[in-house]
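With mmCIF, C-alpha atoms inside, this is protein-v6.cif:
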data_entry
#
loop_
_atom_site.label_atom_id
_atom_site.label_comp_id
_atom_site.auth_asym_id
_atom_site.auth_seq_id
_atom_site.Cartn_x
_atom_site.Cartn_y
_atom_site.Cartn_z
CA MET Z 29 19.79 -64.46 1.02
CA ILE Z 30 18.24 -67.46 2.79
CA ALA Z 31 16.19 -65.17 5.02
CA SER Z 32 14.88 -63.32 1.98
CA LEU Z 33 14.09 -66.64 0.30
CA LEU Z 34 12.14 -67.77 3.36
CA PHE Z 35 9.78 -64.78 3.28
CA ILE Z 36 9.60 -64.56 -0.53
CA ILE Z 37 8.42 -68.17 -0.81
CA PHE Z 38 5.98 -67.76 2.10
CA ILE Z 39 4.41 -64.54 0.77
CA GLY Z 40 4.45 -65.73 -2.85
CA LEU Z 41 2.61 -68.95 -2.03
CA MET Z 42 -0.04 -67.06 -0.05
CA LEU Z 43 -0.58 -64.63 -2.93
CA VAL Z 44 -1.34 -67.51 -5.32
CA GLY Z 45 -3.89 -68.96 -2.92
CA VAL Z 46 -1.91 -71.62 -1.03
CA PRO Z 47 -3.21 -72.04 2.56
CA VAL Z 48 -1.25 -70.18 5.22
CA GLY Z 49 -0.11 -73.31 7.06
CA VAL Z 50 1.19 -74.97 3.90
CA SER Z 51 2.96 -71.74 2.89
CA LEU Z 52 4.68 -71.62 6.28
CA GLY Z 53 5.81 -75.23 6.03
CA ILE Z 54 7.10 -75.02 2.45
CA GLY Z 55 8.90 -71.72 3.09
CA GLY Z 56 10.61 -73.13 6.16
CA MET Z 57 11.52 -76.38 4.37
CA PHE Z 58 13.19 -74.60 1.44
CA ALA Z 59 15.12 -72.33 3.82
CA ILE Z 60 16.35 -75.36 5.77
CA LEU Z 61 17.32 -77.12 2.53
CA MET Z 62 19.24 -74.09 1.21
CA SER Z 63 21.16 -73.75 4.47
CA ASN Z 64 22.20 -77.43 4.38
CA LEU Z 65 23.29 -77.83 0.77
CA ASP Z 66 26.64 -79.24 1.86
CA THR Z 67 24.88 -82.14 3.63
CA HIS Z 68 22.45 -82.63 0.72
CA TRP Z 69 19.13 -84.05 1.88
CA PHE Z 70 20.27 -84.99 5.39
CA GLY Z 71 19.54 -81.48 6.63
CA LEU Z 72 15.87 -82.01 5.82
CA MET Z 73 15.64 -84.30 8.84
CA ALA Z 74 14.94 -81.08 10.75
CA VAL Z 75 11.60 -80.78 8.92
CA PRO Z 76 9.80 -83.79 10.48
CA GLN Z 77 11.49 -83.09 13.81
CA SER Z 78 10.21 -79.51 13.81
CA PHE Z 79 6.78 -80.67 12.65
CA TYR Z 80 6.51 -83.04 15.60
CA ALA Z 81 8.00 -80.56 18.07
CA GLY Z 82 5.36 -78.02 17.07
CA LEU Z 83 2.63 -80.39 18.27
CA ALA Z 84 4.36 -82.08 21.22
CA LYS Z 85 3.27 -79.50 23.79
CA TYR Z 86 0.92 -80.36 26.63
CA PRO Z 87 -1.23 -77.16 26.57
CA LEU Z 88 -2.19 -77.89 22.94
CA LEU Z 89 -4.22 -80.88 24.15
CA ALA Z 90 -6.86 -78.42 25.33
CA ILE Z 91 -7.54 -77.07 21.82
CA PRO Z 92 -9.41 -80.10 20.37
CA MET Z 93 -11.42 -80.36 23.57
CA PHE Z 94 -12.51 -76.70 23.57
CA VAL Z 95 -13.34 -76.95 19.85
CA LEU Z 96 -15.50 -79.98 20.71
CA VAL Z 97 -17.14 -78.01 23.54
CA GLY Z 98 -18.07 -75.31 21.03
CA SER Z 99 -19.70 -77.88 18.72
CA ILE Z 100 -21.60 -79.48 21.60
CA PHE Z 101 -22.96 -76.21 22.99
CA ASP Z 102 -23.81 -75.06 19.48
CA ARG Z 103 -26.16 -78.04 19.07
CA SER Z 104 -27.42 -78.25 22.64
CA GLY Z 105 -29.75 -75.25 22.39
CA VAL Z 106 -27.92 -73.35 25.15
CA ALA Z 107 -27.63 -70.19 23.04
CA SER Z 108 -31.40 -69.83 22.52
CA ARG Z 109 -32.09 -70.34 26.24
CA LEU Z 110 -29.44 -67.77 27.17
CA VAL Z 111 -30.95 -65.32 24.69
CA ASN Z 112 -34.43 -65.71 26.22
CA PHE Z 113 -33.01 -65.11 29.70
CA ALA Z 114 -31.01 -62.08 28.56
CA VAL Z 115 -34.08 -60.55 26.89
CA ALA Z 116 -36.09 -61.15 30.06
CA LEU Z 117 -33.29 -59.47 32.03
CA VAL Z 118 -32.70 -56.32 29.93
CA GLY Z 119 -36.18 -55.95 28.43
CA ARG Z 120 -37.28 -54.80 24.98
CA GLY Z 121 -36.58 -51.55 23.17
CA PRO Z 122 -34.33 -50.05 20.48
CA GLY Z 123 -30.79 -51.34 20.90
CA MET Z 124 -31.62 -54.05 23.41
CA LEU Z 125 -31.40 -57.04 21.07
CA PRO Z 126 -27.86 -56.04 19.99
CA VAL Z 127 -26.96 -55.79 23.68
CA VAL Z 128 -28.34 -59.30 24.20
CA ALA Z 129 -26.38 -60.63 21.21
CA ILE Z 130 -23.09 -59.18 22.50
CA GLY Z 131 -23.77 -60.28 26.08
CA VAL Z 132 -24.62 -63.86 25.09
CA ALA Z 133 -21.52 -63.99 22.86
CA MET Z 134 -19.36 -62.87 25.78
CA PHE Z 135 -20.94 -65.48 28.02
CA LEU Z 136 -20.37 -68.27 25.52
CA GLY Z 137 -16.75 -67.13 25.41
CA GLY Z 138 -16.48 -68.48 28.95
CA ILE Z 139 -17.37 -71.94 27.64
CA SER Z 140 -15.68 -72.62 24.31
CA GLY Z 141 -13.23 -69.79 23.57
CA SER Z 142 -13.84 -70.10 19.82
CA GLY Z 143 -14.98 -67.00 17.94
CA PRO Z 144 -16.31 -68.71 14.78
CA ALA Z 145 -18.21 -71.31 16.84
CA CYS Z 146 -19.76 -68.55 18.93
CA ALA Z 147 -20.67 -66.53 15.83
CA ALA Z 148 -22.45 -69.59 14.41
CA ALA Z 149 -24.31 -70.37 17.66
CA VAL Z 150 -25.36 -66.80 18.47
CA GLY Z 151 -25.98 -65.86 14.83
CA ALA Z 152 -28.35 -68.78 14.31
CA VAL Z 153 -30.55 -67.41 17.11
CA MET Z 154 -30.01 -63.66 17.09
CA ILE Z 155 -29.72 -62.62 13.44
CA GLY Z 156 -33.21 -63.80 12.58
CA ALA Z 157 -34.59 -62.25 15.77
CA MET Z 158 -32.97 -58.90 15.01
CA LYS Z 159 -34.24 -58.94 11.44
CA ARG Z 160 -37.79 -59.56 12.67
CA ALA Z 161 -37.41 -56.63 15.09
CA GLY Z 162 -36.47 -54.27 12.26
CA TYR Z 163 -32.67 -54.34 12.29
CA PRO Z 164 -31.00 -54.54 8.84
CA GLY Z 165 -29.23 -57.79 8.02
CA PRO Z 166 -25.77 -56.17 7.66
CA PHE Z 167 -26.16 -54.50 11.06
CA ALA Z 168 -27.19 -57.78 12.71
CA ALA Z 169 -24.24 -59.61 11.11
CA SER Z 170 -21.85 -56.87 12.27
CA ILE Z 171 -23.09 -57.11 15.86
CA VAL Z 172 -22.79 -60.90 16.00
CA GLY Z 173 -19.36 -60.95 14.32
CA ALA Z 174 -17.98 -58.29 16.65
CA GLY Z 175 -19.53 -59.81 19.78
CA ALA Z 176 -18.03 -63.21 18.98
CA ALA Z 177 -14.57 -61.61 18.78
CA THR Z 178 -14.59 -61.15 22.56
CA ASP Z 179 -14.43 -64.94 22.94
CA ILE Z 180 -10.67 -65.11 22.46
CA LEU Z 181 -10.21 -62.68 25.36
CA ILE Z 182 -12.63 -64.14 27.89
CA PRO Z 183 -11.30 -67.41 29.31
CA PRO Z 184 -11.00 -70.13 28.24
CA SER Z 185 -9.27 -68.92 25.07
CA ILE Z 186 -7.64 -70.94 22.31
CA ALA Z 187 -5.53 -67.89 21.40
CA PHE Z 188 -4.12 -67.69 24.92
CA ILE Z 189 -3.24 -71.39 24.82
CA ILE Z 190 -1.28 -70.88 21.58
CA TYR Z 191 0.48 -67.85 23.07
CA SER Z 192 1.46 -69.75 26.24
CA VAL Z 193 3.07 -72.44 24.08
CA LEU Z 194 5.11 -69.81 22.26
CA VAL Z 195 5.94 -67.82 25.42
CA PRO Z 196 6.57 -70.20 28.36
CA GLU Z 197 6.94 -67.24 30.76
CA ALA Z 198 3.18 -66.59 30.40
CA SER Z 199 1.23 -69.45 31.94
CA VAL Z 200 -2.25 -70.41 30.75
CA PRO Z 201 -3.95 -69.62 34.12
CA ALA Z 202 -2.26 -66.19 34.23
CA LEU Z 203 -3.36 -65.40 30.67
CA PHE Z 204 -6.91 -66.59 31.36
CA ALA Z 205 -7.13 -64.30 34.39
CA ALA Z 206 -5.52 -61.39 32.53
CA GLY Z 207 -8.05 -61.58 29.71
CA MET Z 208 -11.11 -61.32 31.96
CA PHE Z 209 -11.34 -57.54 32.50
CA PRO Z 210 -10.10 -56.53 29.01
CA GLY Z 211 -12.69 -58.95 27.57
CA MET Z 212 -15.46 -57.34 29.59
CA LEU Z 213 -14.28 -53.86 28.61
CA ALA Z 214 -14.20 -54.95 24.96
CA GLY Z 215 -17.83 -56.04 25.30
CA ILE Z 216 -18.78 -52.69 26.81
CA GLY Z 217 -16.87 -50.99 23.99
CA LEU Z 218 -19.15 -52.80 21.53
CA ILE Z 219 -22.39 -52.28 23.45
CA ILE Z 220 -22.08 -48.48 23.56
CA PRO Z 221 -21.86 -47.94 19.77
CA ALA Z 222 -24.47 -50.67 19.20
CA ILE Z 223 -27.04 -48.79 21.30
CA TRP Z 224 -26.03 -45.42 19.82
CA LEU Z 225 -26.31 -46.67 16.23
CA SER Z 226 -29.69 -48.30 16.92
CA ARG Z 227 -31.18 -45.14 18.34
CA ARG Z 228 -29.54 -42.73 15.92
CA HIS Z 229 -30.79 -44.63 12.86
CA LYS Z 230 -34.08 -45.65 14.51
CA LEU Z 231 -33.38 -49.36 14.15
CA GLY Z 232 -35.39 -52.08 15.83
CA LEU Z 233 -38.54 -50.02 16.33
CA ALA Z 234 -40.62 -53.19 16.13
CA GLU Z 235 -38.67 -54.69 19.03
CA ALA Z 236 -40.76 -52.96 21.68
CA GLU Z 237 -43.88 -54.67 20.32
CA LEU Z 238 -42.45 -58.18 20.82
CA PRO Z 239 -43.36 -60.01 24.04
CA ARG Z 240 -40.89 -60.08 26.91
CA PRO Z 241 -40.15 -63.66 28.12
CA PRO Z 242 -41.12 -64.40 31.73
CA PHE Z 243 -38.06 -63.89 33.93
CA TRP Z 244 -38.22 -66.90 36.28
CA ARG Z 245 -39.09 -69.38 33.58
CA SER Z 246 -36.22 -68.10 31.39
CA LEU Z 247 -33.83 -68.28 34.33
CA ARG Z 248 -34.85 -71.86 35.06
CA GLU Z 249 -34.35 -72.92 31.44
CA ALA Z 250 -30.97 -71.16 31.17
CA ALA Z 251 -29.67 -72.28 34.57
CA TRP Z 252 -27.64 -75.24 33.28
CA GLY Z 253 -25.91 -73.05 30.71
CA LEU Z 254 -25.26 -70.32 33.28
CA ILE Z 255 -23.52 -72.80 35.56
CA ALA Z 256 -21.08 -73.99 32.86
CA PRO Z 257 -18.48 -71.16 33.14
CA VAL Z 258 -18.66 -71.39 36.92
CA ILE Z 259 -17.71 -75.07 36.76
CA ILE Z 260 -14.97 -74.55 34.16
CA LEU Z 261 -13.33 -71.43 35.57
CA GLY Z 262 -14.12 -72.12 39.22
CA GLY Z 263 -12.59 -75.60 39.00
CA MET Z 264 -9.38 -74.15 37.56
CA ARG Z 265 -9.24 -71.45 40.24
CA LEU Z 266 -9.75 -73.97 43.06
CA GLY Z 267 -7.04 -76.22 41.63
CA LEU Z 268 -9.41 -79.10 40.94
CA PHE Z 269 -8.15 -79.43 37.37
CA THR Z 270 -5.76 -77.85 34.90
CA PRO Z 271 -6.96 -75.86 31.87
CA THR Z 272 -6.50 -78.96 29.72
CA GLU Z 273 -8.52 -81.08 32.15
CA ALA Z 274 -11.11 -78.29 32.34
CA ALA Z 275 -11.72 -78.70 28.63
CA VAL Z 276 -12.48 -82.40 29.13
CA VAL Z 277 -14.81 -81.58 32.04
CA ALA Z 278 -16.60 -79.05 29.81
CA VAL Z 279 -17.09 -81.70 27.10
CA PHE Z 280 -18.76 -84.16 29.46
CA TYR Z 281 -20.82 -81.42 31.10
CA GLY Z 282 -22.02 -80.25 27.68
CA LEU Z 283 -22.93 -83.80 26.63
CA PHE Z 284 -24.80 -84.38 29.91
CA MET Z 285 -26.73 -81.14 29.47
CA GLY Z 286 -27.50 -81.72 25.79
CA MET Z 287 -28.39 -85.43 26.01
CA VAL Z 288 -29.94 -85.73 29.48
CA ILE Z 289 -31.22 -82.31 30.57
CA HIS Z 290 -32.36 -80.61 27.36
CA ARG Z 291 -32.43 -83.77 25.20
CA SER Z 292 -31.50 -81.68 22.17
CA ILE Z 293 -28.61 -84.02 21.23
CA GLN Z 294 -29.33 -87.61 20.17
CA PHE Z 295 -26.85 -90.47 19.84
CA ARG Z 296 -27.02 -90.14 16.06
CA ASP Z 297 -25.82 -86.52 16.40
CA LEU Z 298 -22.60 -87.50 18.16
CA PHE Z 299 -20.85 -88.60 14.97
CA LEU Z 300 -21.59 -85.29 13.25
CA ILE Z 301 -20.44 -83.32 16.32
CA LEU Z 302 -17.22 -85.33 16.62
CA ARG Z 303 -16.51 -85.08 12.89
CA GLU Z 304 -17.08 -81.31 12.87
CA ALA Z 305 -14.79 -80.81 15.87
CA ALA Z 306 -12.15 -83.17 14.45
CA GLU Z 307 -12.02 -81.33 11.13
CA LEU Z 308 -11.63 -77.91 12.74
CA SER Z 309 -9.10 -79.20 15.27
CA ALA Z 310 -7.08 -80.87 12.52
CA VAL Z 311 -6.88 -77.60 10.61
CA ILE Z 312 -5.69 -75.70 13.71
CA MET Z 313 -3.15 -78.35 14.72
CA MET Z 314 -1.83 -78.70 11.17
CA VAL Z 315 -1.19 -74.96 11.00
CA VAL Z 316 0.58 -75.12 14.39
CA ALA Z 317 2.77 -78.03 13.26
CA LEU Z 318 3.70 -76.46 9.93
CA ALA Z 319 4.43 -73.16 11.65
CA GLY Z 320 6.89 -75.10 13.82
CA ILE Z 321 9.01 -75.68 10.70
CA PHE Z 322 8.89 -71.96 9.90
CA ALA Z 323 9.77 -71.01 13.48
CA TRP Z 324 12.69 -73.48 13.56
CA ALA Z 325 14.07 -71.93 10.38
CA LEU Z 326 13.70 -68.42 11.85
CA SER Z 327 15.59 -69.26 15.03
CA THR Z 328 18.22 -71.64 13.64
CA LEU Z 329 19.14 -69.47 10.65
CA SER Z 330 19.60 -66.41 12.92
CA ILE Z 331 16.92 -64.40 11.18
CA ILE Z 332 15.18 -63.07 14.31
CA ASP Z 333 18.15 -61.23 15.86
CA PRO Z 334 18.96 -58.96 12.87
CA VAL Z 335 15.28 -58.07 12.40
CA THR Z 336 14.86 -57.36 16.11
CA ASN Z 337 17.98 -55.20 16.28
CA ALA Z 338 16.92 -53.25 13.21
CA ILE Z 339 13.50 -52.47 14.77
CA ILE Z 340 14.94 -51.57 18.19
CA HIS Z 341 17.55 -49.22 16.71
CA SER Z 342 15.15 -47.66 14.20
CA GLY Z 343 14.91 -44.48 16.28
CA LEU Z 344 11.14 -44.76 16.78
CA GLY Z 345 11.39 -45.24 20.54
CA GLU Z 346 9.41 -47.62 22.75
CA TYR Z 347 5.92 -46.28 22.04
CA GLY Z 348 6.64 -45.64 18.38
CA ILE Z 349 7.66 -49.28 17.92
CA LEU Z 350 4.59 -50.44 19.86
CA ALA Z 351 2.35 -48.31 17.63
CA LEU Z 352 4.06 -49.70 14.53
CA MET Z 353 3.49 -53.26 15.73
CA ILE Z 354 -0.19 -52.60 16.47
CA VAL Z 355 -0.82 -51.01 13.07
CA MET Z 356 0.98 -53.87 11.34
CA LEU Z 357 -1.03 -56.50 13.23
CA ILE Z 358 -4.34 -54.75 12.50
CA VAL Z 359 -3.52 -54.66 8.78
CA LEU Z 360 -2.35 -58.28 8.80
CA GLY Z 361 -5.49 -59.23 10.74
CA MET Z 362 -7.52 -58.17 7.71
CA PHE Z 363 -5.96 -61.01 5.73
CA LEU Z 364 -4.65 -63.66 8.17
CA ASP Z 365 -6.37 -65.61 10.95
CA GLY Z 366 -5.32 -65.05 14.55
CA ILE Z 367 -3.51 -68.36 15.05
CA SER Z 368 -1.33 -67.76 11.99
CA ILE Z 369 -0.50 -64.25 13.20
CA PHE Z 370 0.60 -65.59 16.58
CA LEU Z 371 2.70 -68.37 15.10
CA ILE Z 372 4.46 -66.07 12.63
CA PHE Z 373 5.00 -62.88 14.61
CA VAL Z 374 5.22 -63.78 18.30
CA PRO Z 375 8.75 -65.24 17.83
CA LEU Z 376 9.72 -61.97 16.11
CA PHE Z 377 8.05 -59.65 18.63
CA MET Z 378 9.04 -61.28 21.93
CA PRO Z 379 12.73 -60.20 21.81
CA ILE Z 380 11.49 -56.63 21.31
CA ALA Z 381 9.09 -57.00 24.26
CA TYR Z 382 11.89 -58.33 26.47
CA ASN Z 383 14.19 -55.47 25.39
CA PHE Z 384 11.67 -52.86 26.56
CA GLY Z 385 10.68 -54.81 29.68
CA TRP Z 386 7.07 -55.36 28.63
CA HIS Z 387 5.28 -57.91 30.80
CA PRO Z 388 4.75 -61.06 28.70
CA VAL Z 389 1.21 -61.58 30.06
CA TRP Z 390 0.21 -57.97 29.31
CA PHE Z 391 1.80 -58.22 25.87
CA GLY Z 392 -0.16 -61.43 25.20
CA VAL Z 393 -3.44 -59.71 26.08
CA LEU Z 394 -2.52 -56.78 23.82
CA LEU Z 395 -1.72 -59.08 20.89
CA THR Z 396 -4.96 -60.99 21.47
CA LEU Z 397 -6.92 -57.73 21.38
CA ASN Z 398 -5.34 -57.06 18.00
CA VAL Z 399 -6.37 -60.50 16.81
CA ALA Z 400 -9.91 -59.92 18.12
CA LEU Z 401 -10.11 -56.74 16.04
CA GLY Z 402 -8.95 -58.69 13.01
CA GLN Z 403 -11.71 -61.27 13.46
CA PHE Z 404 -14.33 -58.74 12.35
CA THR Z 405 -12.23 -56.47 10.13
CA PRO Z 406 -12.89 -57.09 6.40
CA PRO Z 407 -11.87 -58.50 3.97
CA VAL Z 408 -11.15 -61.86 5.70
CA ALA Z 409 -12.79 -61.40 9.15
CA VAL Z 410 -13.60 -65.02 9.97
CA ASN Z 411 -16.32 -64.16 12.53
CA LEU Z 412 -17.95 -61.64 10.23
CA MET Z 413 -17.79 -64.14 7.39
CA VAL Z 414 -19.79 -66.67 9.44
CA ALA Z 415 -22.33 -64.04 10.53
CA CYS Z 416 -22.78 -62.70 6.98
CA ARG Z 417 -23.38 -66.21 5.68
CA ILE Z 418 -26.15 -66.72 8.25
CA ALA Z 419 -27.64 -63.29 7.53
CA GLY Z 420 -27.42 -63.83 3.76
CA VAL Z 421 -25.69 -60.50 3.12
CA PRO Z 422 -22.36 -59.65 1.41
CA MET Z 423 -19.56 -58.59 3.73
CA GLU Z 424 -19.07 -55.24 2.00
CA ASN Z 425 -22.55 -54.17 3.17
CA THR Z 426 -21.36 -54.32 6.79
CA LEU Z 427 -18.65 -51.66 6.40
CA ARG Z 428 -21.07 -48.91 7.38
CA TRP Z 429 -21.58 -50.49 10.80
CA VAL Z 430 -18.36 -52.36 11.50
CA GLY Z 431 -16.24 -49.21 11.60
CA TRP Z 432 -17.99 -47.93 14.74
CA LEU Z 433 -17.63 -51.30 16.46
CA LEU Z 434 -13.93 -51.40 15.59
CA LEU Z 435 -13.60 -47.95 17.16
CA GLY Z 436 -15.28 -49.20 20.34
CA MET Z 437 -13.00 -52.22 20.77
CA GLY Z 438 -9.98 -50.15 19.67
CA THR Z 439 -10.70 -47.80 22.59
CA THR Z 440 -10.44 -50.78 24.94
CA MET Z 441 -7.05 -51.64 23.45
CA MET Z 442 -5.84 -48.08 24.07
CA LEU Z 443 -6.98 -48.30 27.71
CA VAL Z 444 -5.01 -51.54 28.18
CA ILE Z 445 -1.91 -49.87 26.67
CA ILE Z 446 -2.24 -46.79 28.89
CA GLU Z 447 -3.01 -48.78 32.04
CA PRO Z 448 -1.45 -52.30 31.98
CA GLU Z 449 -2.93 -53.06 35.41
CA ILE Z 450 -6.29 -53.60 33.71
CA ALA Z 451 -4.83 -56.89 32.50
CA LEU Z 452 -2.28 -57.62 35.24
CA TRP Z 453 -4.24 -56.93 38.42
CA LEU Z 454 -6.38 -60.07 38.47
CA PRO Z 455 -3.60 -62.64 37.78
CA ARG Z 456 -1.45 -60.95 40.41
CA TYR Z 457 -4.33 -61.01 42.92
CA LEU Z 458 -4.97 -64.69 42.24
CA GLY Z 459 -1.30 -65.52 42.69
CA PHE Z 460 -0.49 -66.46 39.10
CA ASN Z 461 3.03 -65.65 37.91
#

Kindly transcribe the structure held in the file into structure tokens.
Amino acid sequence: MIASLLFIIFIGLMLVGVPVGVSLGIGGMFAILMSNLDTHWFGLMAVPQSFYAGLAKYPLLAIPMFVLVGSIFDRSGVASRLVNFAVALVGRGPGMLPVVAIGVAMFLGGISGSGPACAAAVGAVMIGAMKRAGYPGPFAASIVGAGAATDILIPPSIAFIIYSVLVPEASVPALFAAGMFPGMLAGIGLIIPAIWLSRRHKLGLAEAELPRPPFWRSLREAAWGLIAPVIILGGMRLGLFTPTEAAVVAVFYGLFMGMVIHRSIQFRDLFLILREAAELSAVIMMVVALAGIFAWALSTLSIIDPVTNAIIHSGLGEYGILALMIVMLIVLGMFLDGISIFLIFVPLFMPIAYNFGWHPVWFGVLLTLNVALGQFTPPVAVNLMVACRIAGVPMENTLRWVGWLLLGMGTTMMLVIIEPEIALWLPRYLGFN
């Protein structure tokens, strides 16, 4: 009965519009209270303890820093310089601007790891450019929203940090390395339909008439931005700093580049940047803390084991259960954000993964691919929401284009399922457990 109450309260609150984090916390609190009626209110001491325990994890320190990095690079003008260089590199022609948008989004994923921040930075530069070249607004928004979804796969990744906290057997460096090749394949899976759609529907015909930026000048202007992932990821690989310390290094590098090199950030801008990053970080950390109450109720009230046993003995078999989990996550991704999905379902799914012997790092990459698909799958689709707001188009107008992009990234997910070494080879080669 208590288990049913936990999920009824959680789902009911969400249906009436209560934020996901608050719904998690209230549902967990009522379940804890109902299970401790004999001790009256004393049992509720587990609520603040679980709230604190949800935050008291060292890897979570990296999240506010990477959010701040995203805000800094968004205002530093790096995106526009990278776009100019990418256009100079690939040239002009139908389908080339979408390729540039996806490529720049993937590159920025190696700096901030935040999909919405990347969608805002790339969208501010690329959506207007694509419109001027003859691409429809809904198509441009779809490309930017989908391209930004690769950011949670390409290291550094906030999603991988959350997963490593929930699954200690999967270290942050191993997850970062494991996400590299699937992230690149996901980008290729988006580029192919983007070019095909552009040429099939004769989009961007005016693009060939636009001037091509000079290569060496564009390279010189983009050089500082191009070096950023090398410093962040190279420093972690060489053991110079941990992922958490890498986030701090990225913050100071971004400030140096924005305030000294490009001079696009003034001292008066720092307060706005810090406030923006603090607000977003507070939302993420609050959801994590409130989900800690929900997770404590799940584990302490012995809710996970019966659910896990029921799924394992359902008769679907290993691949049937995996397919069921993927379909469920894709559907849930249409309504919930990725962090909430991880916090709710990873504790439920990990016993199943251990039962079938699935590698926790591979499983983390697979779940993150599901979350990436959800970031541009309507009706919620946080990345697509940001891109549509910049483009000034309703989200429903993007359905014509988004479906093909979902198919492209979905193909990448199938490849990772069929061949786990796509994700596991690099961390094994680098010596990460």

Please, which residues in stretch 168-192 of chain Z fall within 6 Å of stretch 409-431 of chain Z when counting only C-alpha atoms, and what is the closest atom pair and distance in Å to one decimal for each, ordered by chain then residue number, as CSV?
residue,atom,partner,partner_atom,distance
Z:Ala169,CA,Z:Ala415,CA,4.9
Z:Ser170,CA,Z:Val430,CA,5.8
Z:Gly173,CA,Z:Leu412,CA,4.4

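Residue nearest Z:Leu376, chosen from Z:Pro388, Z:Gly320, Z:Pro334, Z:Gly282 and counting all atoms listed in the file: Z:Pro334.
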
| task | List the residues selected by the PyMOL selection byres ((chain Z and resi 214-217) around 12) in the file shown, writing them as a PyMOL selection string. | result | chain Z and resi 126-135+137+171-172+174-182+207-213+218-224+393-394+396-398+400-401+432-444+450

Using only C-alpha atoms, the shortest atom-to-atom distance to Z:Gly459 among Z:Thr405, Z:Phe243, Z:Ala206, Z:Leu326 belongs to Z:Ala206

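On the file presented, the PyMOL selection byres ((chain Z and resi 321) around 9) picks out Leu52, Gly53, Ile54, Gly55, Gly56, Met57, Ile60, Ala74, Val75, Pro76, Gln77, Ser78, Phe79, Ala81, Gly82, Ala317, Leu318, Ala319, Gly320, Phe322, Ala323, Trp324, Ala325 and Leu326 of chain Z.
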
re atom CA of Z:Ser246 and atom CA of Z:Val279: distance 23.9 Å

Find the distance between atom CA of Z:Glu273 and atom CA of Z:Met93 and write it in Å to one decimal.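 Going from atom CA of Z:Glu273 over to atom CA of Z:Met93 covers 9.1 Å.
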
Could you add the missing atoms to stretch 125-136 of chain Z, up to N, CA and C atoms, and return them as an mmCIF file, keeping the file's coordinate frame?
data_model
loop_
_atom_site.group_PDB
_atom_site.id
_atom_site.type_symbol
_atom_site.label_atom_id
_atom_site.label_comp_id
_atom_site.auth_asym_id
_atom_site.auth_seq_id
_atom_site.Cartn_x
_atom_site.Cartn_y
_atom_site.Cartn_z
ATOM 1 N N LEU Z 125 -31.778 -55.759 21.665
ATOM 2 C CA LEU Z 125 -31.400 -57.040 21.070
ATOM 3 C C LEU Z 125 -29.908 -57.086 20.712
ATOM 4 N N PRO Z 126 -29.312 -56.019 20.167
ATOM 5 C CA PRO Z 126 -27.860 -56.040 19.990
ATOM 6 C C PRO Z 126 -27.098 -56.220 21.300
ATOM 7 N N VAL Z 127 -27.589 -55.601 22.372
ATOM 8 C CA VAL Z 127 -26.960 -55.790 23.680
ATOM 9 C C VAL Z 127 -27.030 -57.257 24.093
ATOM 10 N N VAL Z 128 -28.173 -57.874 23.870
ATOM 11 C CA VAL Z 128 -28.340 -59.300 24.200
ATOM 12 C C VAL Z 128 -27.370 -60.142 23.378
ATOM 13 N N ALA Z 129 -27.259 -59.847 22.079
ATOM 14 C CA ALA Z 129 -26.380 -60.630 21.210
ATOM 15 C C ALA Z 129 -24.932 -60.550 21.695
ATOM 16 N N ILE Z 130 -24.475 -59.346 22.032
ATOM 17 C CA ILE Z 130 -23.090 -59.180 22.500
ATOM 18 C C ILE Z 130 -22.902 -59.843 23.855
ATOM 19 N N GLY Z 131 -23.885 -59.678 24.754
ATOM 20 C CA GLY Z 131 -23.770 -60.280 26.080
ATOM 21 C C GLY Z 131 -23.739 -61.797 26.027
ATOM 22 N N VAL Z 132 -24.598 -62.406 25.211
ATOM 23 C CA VAL Z 132 -24.620 -63.860 25.090
ATOM 24 C C VAL Z 132 -23.320 -64.358 24.454
ATOM 25 N N ALA Z 133 -22.797 -63.617 23.476
ATOM 26 C CA ALA Z 133 -21.520 -63.990 22.860
ATOM 27 C C ALA Z 133 -20.392 -63.960 23.882
ATOM 28 N N MET Z 134 -20.384 -62.950 24.726
ATOM 29 C CA MET Z 134 -19.360 -62.870 25.780
ATOM 30 C C MET Z 134 -19.501 -64.032 26.751
ATOM 31 N N PHE Z 135 -20.728 -64.381 27.084
ATOM 32 C CA PHE Z 135 -20.940 -65.480 28.020
ATOM 33 C C PHE Z 135 -20.483 -66.806 27.429
ATOM 34 N N LEU Z 136 -20.801 -67.038 26.169
ATOM 35 C CA LEU Z 136 -20.370 -68.270 25.520
ATOM 36 C C LEU Z 136 -18.858 -68.329 25.389
#
